[in-house]
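Colleague: Have a peek at target.csv (CSV, C-alpha atoms and all ligand atoms).
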```
chain,number,residue,atom,x,y,z
A,7,MET,CA,-21.4,-25.6,11.6
A,8,LEU,CA,-21.6,-22.5,13.7
A,9,THR,CA,-22.1,-19.2,11.9
A,10,ARG,CA,-20.6,-16.2,13.7
A,11,PHE,CA,-22.0,-12.7,13.0
A,12,THR,CA,-20.1,-9.5,13.9
A,13,THR,CA,-20.1,-5.8,13.6
A,14,LEU,CA,-17.8,-3.0,14.7
A,15,ALA,CA,-18.4,-0.2,17.3
A,16,ILE,CA,-15.3,1.8,17.4
A,17,GLY,CA,-15.1,5.4,18.6
A,18,ASP,CA,-16.4,7.6,21.4
A,19,GLN,CA,-19.7,8.8,19.8
A,20,SER,CA,-22.6,6.8,21.3
A,21,ILE,CA,-24.4,6.7,17.9
A,22,TYR,CA,-21.9,4.0,16.8
A,23,ALA,CA,-23.0,1.9,19.7
A,24,VAL,CA,-26.7,2.6,19.0
A,25,ARG,CA,-26.4,1.5,15.4
A,26,THR,CA,-24.4,-1.6,16.1
A,27,ALA,CA,-26.8,-2.7,18.9
A,28,TYR,CA,-29.8,-2.4,16.6
A,29,ALA,CA,-28.0,-4.2,13.7
A,30,MET,CA,-27.2,-7.2,15.9
A,31,LEU,CA,-30.6,-7.2,17.5
A,32,SER,CA,-32.1,-7.4,14.0
A,33,VAL,CA,-30.0,-10.5,13.4
A,34,LEU,CA,-31.4,-12.1,16.6
A,35,ALA,CA,-34.9,-11.1,15.5
A,36,HIS,CA,-34.6,-13.2,12.3
A,37,LEU,CA,-32.8,-16.3,13.4
A,38,PRO,CA,-34.6,-19.6,12.8
A,39,PRO,CA,-35.3,-21.6,16.0
A,40,ALA,CA,-32.2,-23.5,17.2
A,41,ALA,CA,-29.9,-21.8,14.7
A,42,GLU,CA,-26.3,-22.5,15.3
A,43,VAL,CA,-25.3,-18.9,15.5
A,44,GLU,CA,-23.0,-16.7,17.6
A,45,VAL,CA,-23.7,-13.0,17.4
A,46,THR,CA,-20.8,-10.7,18.5
A,47,ILE,CA,-20.0,-7.0,18.7
A,48,VAL,CA,-16.4,-5.9,18.5
A,49,THR,CA,-15.9,-2.7,20.4
A,50,ASP,CA,-13.5,-0.4,22.2
A,51,HIS,CA,-16.5,0.6,24.6
A,52,PRO,CA,-17.7,-2.8,25.9
A,53,GLN,CA,-19.5,-1.2,28.9
A,54,ARG,CA,-22.1,0.2,26.4
A,55,PHE,CA,-23.2,-3.3,25.6
A,56,ALA,CA,-23.1,-4.9,29.1
A,57,TRP,CA,-26.9,-5.1,29.1
A,58,LEU,CA,-26.8,-7.4,26.0
A,59,ALA,CA,-23.9,-9.5,27.2
A,60,ASP,CA,-26.0,-12.6,28.1
A,61,THR,CA,-27.1,-12.9,24.5
A,62,ILE,CA,-24.5,-11.2,22.4
A,63,ARG,CA,-20.8,-11.9,22.8
A,64,ILE,CA,-19.1,-8.6,23.4
A,65,ILE,CA,-15.5,-8.6,22.2
A,66,ALA,CA,-13.4,-5.8,23.6
A,67,VAL,CA,-10.5,-4.5,21.6
A,68,ASP,CA,-7.9,-1.9,22.9
A,69,ALA,CA,-6.6,1.1,21.1
A,70,ALA,CA,-3.4,-0.7,20.1
A,71,THR,CA,-5.4,-3.4,18.3
A,72,VAL,CA,-7.5,-0.8,16.4
A,73,ALA,CA,-4.4,1.1,15.5
A,74,ARG,CA,-2.8,-2.1,14.1
A,75,TRP,CA,-5.9,-2.9,12.1
A,76,LYS,CA,-5.9,0.6,10.6
A,77,GLY,CA,-2.3,0.2,9.6
A,78,PRO,CA,0.4,2.7,8.9
A,79,THR,CA,-1.8,5.1,7.0
A,80,ASN,CA,-4.6,5.1,9.7
A,81,TYR,CA,-7.1,3.8,7.2
A,82,PHE,CA,-10.3,3.2,9.1
A,83,PHE,CA,-12.0,0.7,6.7
A,84,ARG,CA,-9.1,-1.6,7.1
A,85,CYS,CA,-10.7,-2.5,10.5
A,86,GLU,CA,-13.3,-4.4,8.5
A,87,ILE,CA,-10.6,-6.8,7.4
A,88,GLY,CA,-8.9,-6.9,10.9
A,89,VAL,CA,-12.2,-7.8,12.6
A,90,LEU,CA,-12.9,-10.8,10.3
A,91,GLN,CA,-9.3,-12.0,10.7
A,92,HIS,CA,-9.8,-11.8,14.4
A,93,LEU,CA,-13.2,-13.6,14.2
A,94,ALA,CA,-11.4,-16.5,12.3
A,95,THR,CA,-9.2,-17.0,15.4
A,96,LEU,CA,-12.2,-17.7,17.7
A,97,GLY,CA,-12.8,-21.2,16.4
A,98,GLU,CA,-14.5,-22.9,13.4
A,99,ALA,CA,-17.4,-20.9,12.0
A,100,ASN,CA,-18.8,-19.4,8.8
A,101,LEU,CA,-18.1,-15.7,9.2
A,102,VAL,CA,-20.5,-12.8,8.6
A,103,TYR,CA,-19.6,-9.1,9.0
A,104,LEU,CA,-22.4,-6.5,8.9
A,105,ASP,CA,-22.0,-2.8,8.8
A,106,SER,CA,-23.7,-1.0,11.7
A,107,ASP,CA,-26.1,0.5,9.2
A,108,ILE,CA,-27.5,-2.9,8.1
A,109,ILE,CA,-30.9,-4.1,9.3
A,110,VAL,CA,-31.9,-7.8,8.8
A,111,ARG,CA,-35.4,-7.9,7.4
A,112,ARG,CA,-36.4,-11.6,7.0
A,113,ASP,CA,-35.7,-15.1,8.3
A,114,LEU,CA,-32.1,-15.9,8.0
A,115,GLY,CA,-32.6,-19.7,7.6
A,116,SER,CA,-32.0,-19.8,3.9
A,117,PHE,CA,-29.1,-17.3,4.1
A,118,LEU,CA,-27.3,-19.5,6.7
A,119,ALA,CA,-28.0,-22.6,4.5
A,120,VAL,CA,-26.5,-21.1,1.3
A,121,LEU,CA,-23.5,-19.8,3.3
A,122,ALA,CA,-23.0,-23.2,4.8
A,123,ASP,CA,-23.1,-24.6,1.3
A,124,GLY,CA,-20.0,-22.7,0.4
A,125,THR,CA,-21.2,-19.4,-1.1
A,126,ARG,CA,-19.6,-16.0,-0.4
A,127,PHE,CA,-21.8,-12.9,0.1
A,128,MET,CA,-21.5,-9.2,-0.1
A,129,HIS,CA,-24.4,-6.7,0.2
A,130,MET,CA,-25.1,-6.2,-3.5
A,131,GLN,CA,-23.5,-5.6,-6.8
A,132,GLU,CA,-23.0,-1.9,-7.6
A,133,ARG,CA,-21.3,-0.9,-10.9
A,134,ASP,CA,-18.4,-1.7,-13.2
A,135,ILE,CA,-16.0,1.1,-12.1
A,136,ASP,CA,-14.0,0.9,-15.4
A,137,ARG,CA,-17.1,2.2,-17.2
A,138,SER,CA,-18.6,4.4,-14.4
A,139,ARG,CA,-19.5,8.0,-15.1
A,140,ARG,CA,-19.1,8.9,-11.4
A,141,ALA,CA,-16.0,10.9,-10.6
A,142,GLY,CA,-15.1,9.0,-7.4
A,143,GLU,CA,-15.3,5.7,-9.2
A,144,GLN,CA,-13.3,7.0,-12.2
A,145,THR,CA,-10.6,8.1,-9.7
A,146,LEU,CA,-10.5,4.7,-8.0
A,147,TRP,CA,-10.3,2.9,-11.4
A,148,ARG,CA,-7.4,5.1,-12.6
A,149,GLN,CA,-5.6,4.3,-9.3
A,150,VAL,CA,-6.0,0.5,-9.4
A,151,ARG,CA,-6.2,-0.5,-13.1
A,152,GLY,CA,-3.5,-3.0,-14.1
A,153,LYS,CA,-2.0,-3.1,-10.6
A,154,THR,CA,-1.1,-6.5,-9.1
A,155,ALA,CA,-1.0,-7.6,-5.5
A,156,ALA,CA,-1.8,-10.8,-3.6
A,157,GLY,CA,-1.5,-12.7,-6.9
A,158,LEU,CA,-4.4,-10.8,-8.4
A,159,THR,CA,-4.3,-8.2,-11.2
A,160,ILE,CA,-7.1,-5.6,-11.3
A,161,ARG,CA,-8.7,-5.7,-14.8
A,162,ALA,CA,-11.8,-4.6,-16.6
A,163,PRO,CA,-14.6,-5.4,-16.1
A,164,CYS,CA,-14.0,-4.3,-12.5
A,165,THR,CA,-17.3,-4.9,-10.8
A,166,MET,CA,-17.7,-3.1,-7.4
A,167,TRP,CA,-19.8,-4.8,-4.7
A,168,ASN,CA,-21.1,-3.0,-1.7
A,169,ALA,CA,-19.2,-3.9,1.5
A,170,GLY,CA,-22.1,-3.4,4.0
A,171,VAL,CA,-22.1,-7.2,4.2
A,172,MET,CA,-19.2,-9.7,3.9
A,173,ALA,CA,-19.8,-13.4,4.5
A,174,VAL,CA,-17.3,-16.2,3.9
A,175,PRO,CA,-17.6,-19.9,4.6
A,176,TRP,CA,-15.1,-21.3,7.1
A,177,ALA,CA,-13.3,-23.3,4.4
A,178,GLU,CA,-12.5,-20.1,2.6
A,179,ARG,CA,-11.5,-18.0,5.6
A,180,GLY,CA,-8.0,-17.7,4.0
A,181,LEU,CA,-9.5,-15.2,1.6
A,182,ILE,CA,-9.7,-12.6,4.3
A,183,ASP,CA,-5.9,-12.7,4.6
A,184,GLN,CA,-5.7,-12.2,0.8
A,185,VAL,CA,-8.1,-9.2,1.1
A,186,ALA,CA,-5.6,-7.7,3.6
A,187,GLU,CA,-2.7,-8.5,1.3
A,188,LEU,CA,-4.5,-6.9,-1.7
A,189,THR,CA,-5.5,-3.8,0.2
A,190,ASP,CA,-2.0,-3.3,1.6
A,191,GLY,CA,-0.4,-4.1,-1.7
A,192,LEU,CA,-2.6,-1.6,-3.6
A,193,MET,CA,-2.0,1.1,-1.0
A,194,ALA,CA,1.8,0.5,-1.1
A,195,GLN,CA,1.5,1.2,-4.8
A,196,GLY,CA,0.0,4.6,-4.2
A,197,VAL,CA,-3.8,3.8,-4.1
A,198,THR,CA,-5.3,6.4,-1.7
A,199,HIS,CA,-9.0,6.1,-2.5
A,200,TRP,CA,-11.2,5.4,0.6
A,201,LEU,CA,-13.0,2.5,-1.1
A,202,VAL,CA,-9.9,0.4,-1.7
A,203,GLU,CA,-10.9,-2.1,1.0
A,204,GLN,CA,-14.4,-2.5,-0.5
A,205,LEU,CA,-12.8,-3.0,-3.9
A,206,ALA,CA,-10.3,-5.6,-2.5
A,207,TYR,CA,-13.1,-7.6,-0.9
A,208,GLY,CA,-15.0,-7.7,-4.2
A,209,GLN,CA,-12.0,-8.6,-6.3
A,210,VAL,CA,-10.8,-11.4,-4.0
A,211,PHE,CA,-14.4,-12.8,-3.6
A,212,GLN,CA,-14.9,-12.8,-7.3
A,213,HIS,CA,-11.6,-13.5,-8.9
A,214,MET,CA,-9.1,-15.0,-6.5
A,215,PRO,CA,-7.5,-18.1,-8.2
A,216,GLY,CA,-8.7,-21.3,-6.5
A,217,LEU,CA,-12.1,-20.2,-5.4
A,218,ARG,CA,-14.3,-23.2,-4.5
A,219,THR,CA,-17.3,-21.7,-6.3
A,220,PRO,CA,-17.3,-18.8,-8.8
A,221,VAL,CA,-20.4,-17.2,-7.5
A,222,LEU,CA,-20.5,-14.2,-5.3
A,223,GLN,CA,-24.1,-13.7,-4.0
A,224,ALA,CA,-26.0,-10.6,-2.8
A,225,ALA,CA,-27.2,-10.6,0.8
A,226,ALA,CA,-29.6,-7.8,-0.1
A,227,PRO,CA,-32.7,-10.1,-0.2
A,228,TRP,CA,-32.3,-10.7,3.5
A,229,MET,CA,-31.1,-7.2,4.7
A,230,ASP,CA,-31.2,-3.5,4.0
A,231,HIS,CA,-28.3,-1.0,4.1
A,232,TRP,CA,-29.6,2.4,5.1
A,233,TRP,CA,-26.4,4.5,4.6
A,234,ASP,CA,-28.3,7.0,2.4
A,235,ASN,CA,-30.9,7.9,5.1
A,236,LYS,CA,-28.8,8.3,8.2
A,237,PRO,CA,-30.9,11.2,9.7
A,238,GLY,CA,-34.0,9.1,9.5
A,239,TYR,CA,-32.7,5.8,10.7
A,240,ASP,CA,-30.4,7.3,13.4
A,241,ALA,CA,-33.4,9.1,15.0
A,242,ALA,CA,-35.7,6.1,14.8
A,243,ILE,CA,-33.2,3.6,16.0
A,244,GLY,CA,-32.2,6.0,18.8
A,245,GLU,CA,-35.8,6.3,20.0
A,246,PHE,CA,-36.2,2.5,19.9
A,247,LEU,CA,-33.1,1.9,22.1
A,248,LEU,CA,-34.0,4.8,24.4
A,249,GLU,CA,-37.4,3.1,25.0
A,250,ALA,CA,-35.7,-0.3,25.3
A,251,ARG,CA,-33.4,0.9,28.1
A,252,LEU,CA,-36.2,2.9,29.9
A,253,GLN,CA,-38.3,-0.2,29.9
A,254,GLY,CA,-35.5,-2.6,30.7
A,255,TRP,CA,-36.2,-4.9,27.8
A,256,THR,CA,-33.9,-7.9,27.4
A,257,ALA,CA,-32.2,-8.6,24.1
A,258,ALA,CA,-34.8,-11.2,23.3
A,259,GLU,CA,-37.6,-8.7,24.0
A,260,CYS,CA,-35.9,-6.1,21.8
A,261,ALA,CA,-35.6,-8.7,19.0
A,262,ALA,CA,-39.3,-9.6,19.3
A,263,ARG,CA,-40.3,-5.9,19.0
A,264,ILE,CA,-38.0,-5.5,15.9
A,265,ARG,CA,-39.7,-8.5,14.3
A,266,GLN,CA,-43.2,-7.3,15.1
A,267,GLN,CA,-42.7,-3.6,14.4
A,268,PRO,CA,-39.9,-3.3,11.8
A,269,LEU,CA,-38.6,0.2,10.9
A,270,THR,CA,-39.8,0.9,7.4
A,271,LEU,CA,-38.3,4.3,6.6
A,272,ARG,CA,-37.0,5.0,3.0
A,273,LEU,CA,-33.5,3.7,2.5
A,274,SER,CA,-32.5,6.8,0.4
A,275,VAL,CA,-33.5,10.4,1.2
A,276,ARG,CA,-31.4,13.1,-0.3
A,277,ARG,CA,-31.3,16.9,0.3
A,278,ARG,CA,-32.2,18.6,-3.0
A,279,TRP,CA,-31.9,22.2,-4.2
A,280,TYR,CA,-35.5,22.8,-3.4
A,281,HIS,CA,-35.2,21.8,0.2
A,282,ARG,CA,-32.6,24.6,0.6
A,283,LEU,CA,-34.7,27.0,-1.4
A,284,LEU,CA,-37.8,26.3,0.6
A,285,ARG,CA,-35.8,26.0,3.9
A,286,VAL,CA,-37.4,22.6,4.7
A,287,GLU,CA,-36.0,19.3,5.7
A,288,PRO,CA,-36.2,16.3,3.4
A,289,ARG,CA,-38.7,13.7,4.6
A,290,HIS,CA,-36.2,11.5,6.4
A,291,ARG,CA,-38.9,9.9,8.7
A,292,GLU,CA,-41.4,9.1,5.9
A,293,SER,CA,-42.4,5.4,6.1
A,294,THR,CA,-42.6,3.1,3.0
A,295,SER,CA,-45.5,1.1,4.4
A,301,MN,MN,-22.5,0.9,5.6
```
The structure in this file should be written as structure tokens.
Ligand SMILES: [Mn+2]
Modeller:
Amino acid sequence: MLTRFTTLAIGDQSIYAVRTAYAMLSVLAHLPPAAEVEVTIVTDHPQRFAWLADTIRIIAVDAATVARWKGPTNYFFRCEIGVLQHLATLGEANLVYLDSDIIVRRDLGSFLAVLADGTRFMHMQERDIDRSRRAGEQTLWRQVRGKTAAGLTIRAPCTMWNAGVMAVPWAERGLIDQVAELTDGLMAQGVTHWLVEQLAYGQVFQHMPGLRTPVLQAAAPWMDHWWDNKPGYDAAIGEFLLEARLQGWTAAECAARIRQQPLTLRLSVRRRWYHRLLRVEPRHRESTS
């Protein structure tokens, strides 16, 4: 069966387009030969991706659609539900959503096989928020504990999974509608935390009654999520795409480069007190290899 990858590039800032283009080129870079895969980008700026359109399916969405996805409270991360619901209307396929700050690192053959076998994925398991010492997670737990929506009650242990990746086999595509229902239901009961969509994906993918397999698997062995080193990766990816456009590389040529010369910056670089004290920048561009 076909597997359909997607990511979202919404908003005027060109950096969103830069990140999504690189994320999807990194998918192309690691597809096994003759893989049954469709790579897509959902965007409100389709012209930015015209140079990739012979290889990547560019799906234009208008402002009204984006507004409908965000819902009455203008909640941006709800778009990550809307886009997968939309992808499910494009024909039979296993569905994979990647954040724009995901980079695929190794051959996707085994990932595609496990997904086709009926396994759901998110990026990786984080923490049980009911026992978390982090203030933000404690707030989220206080807001959601004991609440019921979409036929699911939020209980301890409430294990949070990172939503940089969401993948669902075609047979379980109905779960996406249940994620929407759970997110909306929790928000209607006063949940305002910005991670409610990520929590809803994790809860439905782990606990929804009637799941075909109980296992939610981590996609982290195949891909990295560089959200904690944006300055480093934004700069390096920006330079790569600038060179790609100056040289006129095709999508296939970009993918070959990414495979041969992968970006190996640290995934996490934080500004510490001594950076401020010494008036220096953290080493965002330091390589790990
Ligand atoms: Mn992310």
Colleague: Find the residue from A:Ala173, A:Leu96, A:Ala40, A:Val48 that sits nearest to Tyr22 of chain A; use only C-alpha atoms when measuring.
Modeller: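 Checking each candidate against Tyr22 of chain A, we get A:Val48 as the closest.
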Colleague: Rank A:Leu201, A:Val43, A:Leu121, A:Met214 by their smallest atom-to-atom distance to ligand MN 301 (chain A), using all atoms listed in the file, and report the top residue only.
Modeller: A:Leu201
Colleague: Around ligand MN 301 (chain A), at most 6 Å away and counting all atoms listed in the file, which residues are there? Put them as a PyMOL selection string, please.
Modeller: chain A and resi 105+107+170+233
Colleague: Name the residues in contact with Arg126 of chain A at a cut-off of 9 Å, using all atoms listed in the file, excluding same-chain residues fewer than 5 positions from it; report them as a list in words.
Modeller: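 So the residues in contact are Val120, Leu121, Met172, Ala173, Val174, Pro175, Glu178, Phe211, Gln212, Thr219, Val221, Leu222, Gln223 and Ala224 of chain A.
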Colleague: Between atom CA of Glu292 of chain A and atom CA of Arg111 of chain A, what is the distance in Å, rounded to a tenth?
Modeller: 18.1 Å
Colleague: For Ile160 of chain A, which residue out of A:Gln91, A:Gln209, A:Thr71, A:Gln195 is the nearest one, using all atoms listed in the file?
Modeller: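 Between A:Gln91, A:Gln209, A:Thr71, A:Gln195, the residue approaching Ile160 of chain A most closely is A:Gln209.
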Colleague: With all atoms listed in the file as the atoms that count, which of A:Ile87, A:Leu247, A:Ile135, A:Ala162 lies nearest to Asp190 of chain A?
Modeller: A:Ile87
Colleague: Nearest to Gly77 of chain A: which of A:His213, A:Pro288, A:Arg218, A:Thr189 is it, counting all atoms listed in the file?
Modeller: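 Closest residue, counting all atoms listed in the file: A:Thr189.
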Colleague: Smallest atom-to-atom distance to Leu90 of chain A: which of A:Thr198, A:Thr145, A:Ser138, A:Thr13, using only C-alpha atoms?
Modeller: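 Among the listed residues, the smallest separation from Leu90 of chain A belongs to A:Thr13.
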Colleague: Give me the residues within 12 Å of segment 179-188 of chain A as a ChimeraX atom specification, counting only C-alpha atoms and dropping any in the same chain fewer than 5 places off.
Modeller: /A:75-77,83-95,97-103,124-126,150,153-160,172-174,193-195,197,202-218
Colleague: Include C-alpha atoms and write out the residues we just selected as a PDB file, in the frame of the given file.
Modeller:
```
ATOM      1  CA  TRP A  75      -5.900  -2.900  12.100  1.00  0.00           C
ATOM      2  CA  LYS A  76      -5.900   0.600  10.600  1.00  0.00           C
ATOM      3  CA  GLY A  77      -2.300   0.200   9.600  1.00  0.00           C
ATOM      4  CA  PHE A  83     -12.000   0.700   6.700  1.00  0.00           C
ATOM      5  CA  ARG A  84      -9.100  -1.600   7.100  1.00  0.00           C
ATOM      6  CA  CYS A  85     -10.700  -2.500  10.500  1.00  0.00           C
ATOM      7  CA  GLU A  86     -13.300  -4.400   8.500  1.00  0.00           C
ATOM      8  CA  ILE A  87     -10.600  -6.800   7.400  1.00  0.00           C
ATOM      9  CA  GLY A  88      -8.900  -6.900  10.900  1.00  0.00           C
ATOM     10  CA  VAL A  89     -12.200  -7.800  12.600  1.00  0.00           C
ATOM     11  CA  LEU A  90     -12.900 -10.800  10.300  1.00  0.00           C
ATOM     12  CA  GLN A  91      -9.300 -12.000  10.700  1.00  0.00           C
ATOM     13  CA  HIS A  92      -9.800 -11.800  14.400  1.00  0.00           C
ATOM     14  CA  LEU A  93     -13.200 -13.600  14.200  1.00  0.00           C
ATOM     15  CA  ALA A  94     -11.400 -16.500  12.300  1.00  0.00           C
ATOM     16  CA  THR A  95      -9.200 -17.000  15.400  1.00  0.00           C
ATOM     17  CA  GLY A  97     -12.800 -21.200  16.400  1.00  0.00           C
ATOM     18  CA  GLU A  98     -14.500 -22.900  13.400  1.00  0.00           C
ATOM     19  CA  ALA A  99     -17.400 -20.900  12.000  1.00  0.00           C
ATOM     20  CA  ASN A 100     -18.800 -19.400   8.800  1.00  0.00           C
ATOM     21  CA  LEU A 101     -18.100 -15.700   9.200  1.00  0.00           C
ATOM     22  CA  VAL A 102     -20.500 -12.800   8.600  1.00  0.00           C
ATOM     23  CA  TYR A 103     -19.600  -9.100   9.000  1.00  0.00           C
ATOM     24  CA  GLY A 124     -20.000 -22.700   0.400  1.00  0.00           C
ATOM     25  CA  THR A 125     -21.200 -19.400  -1.100  1.00  0.00           C
ATOM     26  CA  ARG A 126     -19.600 -16.000  -0.400  1.00  0.00           C
ATOM     27  CA  VAL A 150      -6.000   0.500  -9.400  1.00  0.00           C
ATOM     28  CA  LYS A 153      -2.000  -3.100 -10.600  1.00  0.00           C
ATOM     29  CA  THR A 154      -1.100  -6.500  -9.100  1.00  0.00           C
ATOM     30  CA  ALA A 155      -1.000  -7.600  -5.500  1.00  0.00           C
ATOM     31  CA  ALA A 156      -1.800 -10.800  -3.600  1.00  0.00           C
ATOM     32  CA  GLY A 157      -1.500 -12.700  -6.900  1.00  0.00           C
ATOM     33  CA  LEU A 158      -4.400 -10.800  -8.400  1.00  0.00           C
ATOM     34  CA  THR A 159      -4.300  -8.200 -11.200  1.00  0.00           C
ATOM     35  CA  ILE A 160      -7.100  -5.600 -11.300  1.00  0.00           C
ATOM     36  CA  MET A 172     -19.200  -9.700   3.900  1.00  0.00           C
ATOM     37  CA  ALA A 173     -19.800 -13.400   4.500  1.00  0.00           C
ATOM     38  CA  VAL A 174     -17.300 -16.200   3.900  1.00  0.00           C
ATOM     39  CA  MET A 193      -2.000   1.100  -1.000  1.00  0.00           C
ATOM     40  CA  ALA A 194       1.800   0.500  -1.100  1.00  0.00           C
ATOM     41  CA  GLN A 195       1.500   1.200  -4.800  1.00  0.00           C
ATOM     42  CA  VAL A 197      -3.800   3.800  -4.100  1.00  0.00           C
ATOM     43  CA  VAL A 202      -9.900   0.400  -1.700  1.00  0.00           C
ATOM     44  CA  GLU A 203     -10.900  -2.100   1.000  1.00  0.00           C
ATOM     45  CA  GLN A 204     -14.400  -2.500  -0.500  1.00  0.00           C
ATOM     46  CA  LEU A 205     -12.800  -3.000  -3.900  1.00  0.00           C
ATOM     47  CA  ALA A 206     -10.300  -5.600  -2.500  1.00  0.00           C
ATOM     48  CA  TYR A 207     -13.100  -7.600  -0.900  1.00  0.00           C
ATOM     49  CA  GLY A 208     -15.000  -7.700  -4.200  1.00  0.00           C
ATOM     50  CA  GLN A 209     -12.000  -8.600  -6.300  1.00  0.00           C
ATOM     51  CA  VAL A 210     -10.800 -11.400  -4.000  1.00  0.00           C
ATOM     52  CA  PHE A 211     -14.400 -12.800  -3.600  1.00  0.00           C
ATOM     53  CA  GLN A 212     -14.900 -12.800  -7.300  1.00  0.00           C
ATOM     54  CA  HIS A 213     -11.600 -13.500  -8.900  1.00  0.00           C
ATOM     55  CA  MET A 214      -9.100 -15.000  -6.500  1.00  0.00           C
ATOM     56  CA  PRO A 215      -7.500 -18.100  -8.200  1.00  0.00           C
ATOM     57  CA  GLY A 216      -8.700 -21.300  -6.500  1.00  0.00           C
ATOM     58  CA  LEU A 217     -12.100 -20.200  -5.400  1.00  0.00           C
ATOM     59  CA  ARG A 218     -14.300 -23.200  -4.500  1.00  0.00           C
TER      60      ARG A 218
END
```
Colleague: Atom CA of Ile108 of chain A and atom CA of Ala27 of chain A are how many Å apart?
Modeller: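 Distance reported for this atom pair: 10.8 Å.
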Colleague: Quick check, in Å to one decimal: how far apart do atom CA of Asp113 of chain A and atom CA of Leu8 of chain A lie?
Modeller: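 Atom CA of Asp113 of chain A sits 16.8 Å away from atom CA of Leu8 of chain A.
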Colleague: Please check which residues have atoms at most 7 Å from (-14.6, 5.2, 21.0) in the file's coordinates, counting all atoms listed in the file, and write them as a tab-separated table (two decimals) with C-alpha atoms, in the coordinates of the input.
Modeller:
```
chain	number	residue	atom	x	y	z
A	16	ILE	CA	-15.30	1.80	17.40
A	17	GLY	CA	-15.10	5.40	18.60
A	18	ASP	CA	-16.40	7.60	21.40
A	19	GLN	CA	-19.70	8.80	19.80
A	50	ASP	CA	-13.50	-0.40	22.20
A	51	HIS	CA	-16.50	0.60	24.60
```
Colleague: Identify the residues within 12 Å of coordinate (-35.6, -7.9, 22.8) (same frame as the file), considering all atoms listed in the file, and give the answer as a short mmCIF file (atom, residue, chain, number, x, y, z; two decimals) with C-alpha atoms, in the coordinates of the input.
Modeller:
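Final file, selection.cif:
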```cif
data_model
loop_
_atom_site.label_atom_id
_atom_site.label_comp_id
_atom_site.auth_asym_id
_atom_site.auth_seq_id
_atom_site.Cartn_x
_atom_site.Cartn_y
_atom_site.Cartn_z
CA ALA A 27 -26.80 -2.70 18.90
CA TYR A 28 -29.80 -2.40 16.60
CA MET A 30 -27.20 -7.20 15.90
CA LEU A 31 -30.60 -7.20 17.50
CA SER A 32 -32.10 -7.40 14.00
CA VAL A 33 -30.00 -10.50 13.40
CA LEU A 34 -31.40 -12.10 16.60
CA ALA A 35 -34.90 -11.10 15.50
CA HIS A 36 -34.60 -13.20 12.30
CA TRP A 57 -26.90 -5.10 29.10
CA LEU A 58 -26.80 -7.40 26.00
CA ASP A 60 -26.00 -12.60 28.10
CA THR A 61 -27.10 -12.90 24.50
CA ILE A 62 -24.50 -11.20 22.40
CA PHE A 246 -36.20 2.50 19.90
CA LEU A 247 -33.10 1.90 22.10
CA GLU A 249 -37.40 3.10 25.00
CA ALA A 250 -35.70 -0.30 25.30
CA ARG A 251 -33.40 0.90 28.10
CA GLN A 253 -38.30 -0.20 29.90
CA GLY A 254 -35.50 -2.60 30.70
CA TRP A 255 -36.20 -4.90 27.80
CA THR A 256 -33.90 -7.90 27.40
CA ALA A 257 -32.20 -8.60 24.10
CA ALA A 258 -34.80 -11.20 23.30
CA GLU A 259 -37.60 -8.70 24.00
CA CYS A 260 -35.90 -6.10 21.80
CA ALA A 261 -35.60 -8.70 19.00
CA ALA A 262 -39.30 -9.60 19.30
CA ARG A 263 -40.30 -5.90 19.00
CA ILE A 264 -38.00 -5.50 15.90
CA ARG A 265 -39.70 -8.50 14.30
CA GLN A 266 -43.20 -7.30 15.10
CA GLN A 267 -42.70 -3.60 14.40
#
```
